[in-house]
Protein chains: 2
Amino acid sequence: MLNIRIEKATTLKEKPDPNQLGFGNIFTDHMFIMDYEEGKGWIDPRIVPYQDVVLAPSAMVFHYGQEMFEGLKAYRTKSDEILLFRPEMNIKRTNTTNQRICIPQVNEADVLQAIKAIVEVDKDWVPSLPGTSLYIRPFIIATDPFLGVRPANMYKLMIILSPVGAYYKEGMNPVKIWVETEYVRAVKGGVGFAKTGANYAASLKAQMKAKEKGYTQVLWLDGVERKYIEEVGTMNVFFKIDGEIITPSLEGSILPGVTRDSVIQLLKDWNMKVSERKLSIDDLYLAHEEGRLEEVFGTGTAAVISPVGLLDWDGRQLTVNNGEIGPVARKLYDTITGVQCGTIEDTYNWTVKVNQ
Amino acid sequence: MLNIRIEKATTLKEKPDPNQLGFGNIFTDHMFIMDYEEGKGWIDPRIVPYQDVVLAPSAMVFHYGQEMFEGLKAYRTKSDEILLFRPEMNIKRTNTTNQRICIPQVNEADVLQAIKAIVEVDKDWVPSLPGTSLYIRPFIIATDPFLGVRPANMYKLMIILSPVGAYYKEGMNPVKIWVETEYVRAVKGGVGFAKTGANYAASLKAQMKAKEKGYTQVLWLDGVERKYIEEVGTMNVFFKIDGEIITPSLEGSILPGVTRDSVIQLLKDWNMKVSERKLSIDDLYLAHEEGRLEEVFGTGTAAVISPVGLLDWDGRQLTVNNGEIGPVARKLYDTITGVQCGTIEDTYNWTVKVNQ
């Protein structure tokens, strides 16, 4: 149990127009900070006014990428409760990431307490318009002022909050995806399963290429054989072929998404056939040629479900479900967002109330 | 040509004992900073007192690893000149790295001017004891206060300086190396050839494992077939087999080292057979079994040449040259350090005087 010191801001910022919210550009009045020092562990948990981070230019995070983050959301229900969606999964993944990139483990109960505490302090920032939410960004950075290459001895764990708008302002529209064959996001033995800056820095170039060609996101293939499907943009990906719903199995290079896990659980409970296994891009195109490909969609915290309408693989264009949203994607989206906002009964105990 | 504003420190720090210098933990009185803003380019080049970096907690570098660095050294000659070693190669590599991780290009002449200017201002910090030098660390970080995943629109390029001690204080001793078969540093299509935090964050876990087992560094194998030798620790690596000196060819996952390039040039000029090509760990062990393996050494800015005395590949230990330094490693070390310090004639025009 953390003993969190709270220093309230003396002046509060004006809240943004809930109809104009974007993503990740507006931050609330406060933030949570906790330091780590070798030999002392995680110390001085505190909620302070949202403020700049002051670091030596030699701070290791600027040089060797020893950094991790998580992303989850708080939702306001019609009865004005504030709900988190499966936060314990994000916190567990924090330790999986930390283990891989040599950041010290966190106490999972403490981090949940910290998330609840900072959201409680800034609860007036949780918007109520349909589709809006408060994005929660816990992150850890290595702060030693030292240029040697080794795991740091000092870290900061921070949690910042950003009110975000509806992902689908103009309705859910299937996106066009570029199948990337030159650049690789991650490889088995690397850090692909960890939520760390490395994977995002490595992904930018392909993302830019796709955008220049008129596509929304990239479909990543594996780094070894360059044929097995891994992720779509920064989301996990699902395919419905011949009634079977397939998502790539987690083998070290794919992020174990919270939405991915929720989708698998729901599909099983709906008695649909769902498989975590390898799927090659060739087999996907073959399934389409033979009329067996029914749906494609991405899953992630930002969009929840993102239907894919078109794929382009070296000029071979494949249109999915006539470019329309499929019934599985639609049902998953409605169910998960319903649970998140408290309009559908949470039979899985996925939601956690902030003020309890 | 940059118009560099100079703000001198009002009080100067005490210089450290040159006999006690380590690596990367002491910094000089000043630093160089230059900002980048989309639409304006690189602006406001300045030399200011060494100071903390102040960033929003949402600054992109903390989340998505969009950061790069370089490392080179300034040496003081017997006649009190200050020499840089092939700085234009580091600056060129800066742009190669930037291109891969979507950081805007720098003007190479401007960065050379900036390096010369900051070293000139802090020239009293360049130590003169044999083996000591002033380590120069240019680096660039993404500073936009924004949580969306895309290339940043704002960056800071900084140059900090650190006086460093002799790498071989107690004489050059061959090191023991762990051949890593589980973790992967980089893969073709990824960012292995770029000098960016991602590669270092990904390497920490294996480095810790090697140290725990009593080894100094890791020998990295390729991420696809897991058999071809790539790098040793944070250095390039060379093998002398049957009179041929082999270093892994640059195919996207290996850093193109400045010392690596210098070694290749010297060996060619000495009429030795030098090859850039793939070498598998099996072939290396076979060469050793057949008595054909003569030398193994790493190359990098910190150590210049680091002889390898022993390899351990899944328990199969291989002793190189009876654990002693080989004649090629010795000659390369003496030649390159001699050129760097001005005691051997620089027939290659590798050195650049700071005050010219």
# chains A, B, ... in the order shown; residues from 1 in each chain; ligands from 1

$ residues_around --residues "segment 97-100 of chain A" --least-positions-apart "2" --cutoff "8 Å" --atoms "only C-alpha atoms" --output "count of residues only"
15

$ interface_residues --of "chain B" --to "chain A" --cutoff "8 Å" --atoms "only C-alpha atoms" --output "MDAnalysis selection string"
chainID B and resid 23:25 51:58 61:69 100:102 139 141 145:151 160 182:191 196:202 204:205 207 223:225

$ select_by_dssp --residues "segment 95-320 of chain B" --states "strand (DSSP E or B)" --output "VMD selection string"
chain B and resid 133 to 142 145 154 to 164 175 to 180 196 217 to 221 228 to 232 235 to 241 244 to 247 273 to 276 280 293 to 300 304 to 313 316 to 319

$ residues_around --residues "Glu244 of chain A" --least-positions-apart "4" --cutoff "12 Å" --atoms "only C-alpha atoms" --output "list of chain:residue names"
A:Phe238, A:Phe239, A:Lys240, A:Ile264, A:Leu267, A:Lys268, A:Asn271, A:Met272, A:Lys273, A:Val274, A:Ser275, A:Glu276, A:Arg277, A:Ala287, A:Arg292, A:Leu293, A:Glu294, A:Glu295, A:Val296, A:Val328

$ atom_distance --atom1 "atom CA of Phe32 of chain B" --atom2 "atom CA of Asn3 of chain B"
12.4 Å

$ closest_residue --among "A:Gly298, A:Asn153, A:Gly323, A:Ile6" --to "Glu37 of chain A" --atoms "only C-alpha atoms"
A:Asn153

$ atom_distance --atom1 "atom CA of Gly257 of chain B" --atom2 "atom CA of Phe85 of chain B"
12.6 Å

$ residues_around --residues "Ala302 of chain B" --least-positions-apart "6" --cutoff "10 Å" --atoms "only C-alpha atoms" --output "ChimeraX atom specification"
/B:23,71-73,133,135,164-167,234-235,259

$ select_by_dssp --residues "segment 96-309 of chain A" --states "helix (DSSP H, G or I)" --output "PyMOL selection string"
chain A and resi 96-100+108-121+123-125+197-212+258-269+281-289

$ residues_around --residues "Thr299 of chain A" --least-positions-apart "3" --cutoff "7 Å" --atoms "only C-alpha atoms" --output "list in words"
Met235, Asn236, Val237, Thr259, Arg260, Val304, Ile305 and Ser306 of chain A

$ atom_distance --atom1 "atom CA of Ile4 of chain A" --atom2 "atom CA of Ile136 of chain A"
18.0 Å

$ closest_residue --among "B:Asp314, B:Asp80, B:Asp124, B:Asp269" --to "Thr28 of chain B" --atoms "only C-alpha atoms"
B:Asp124
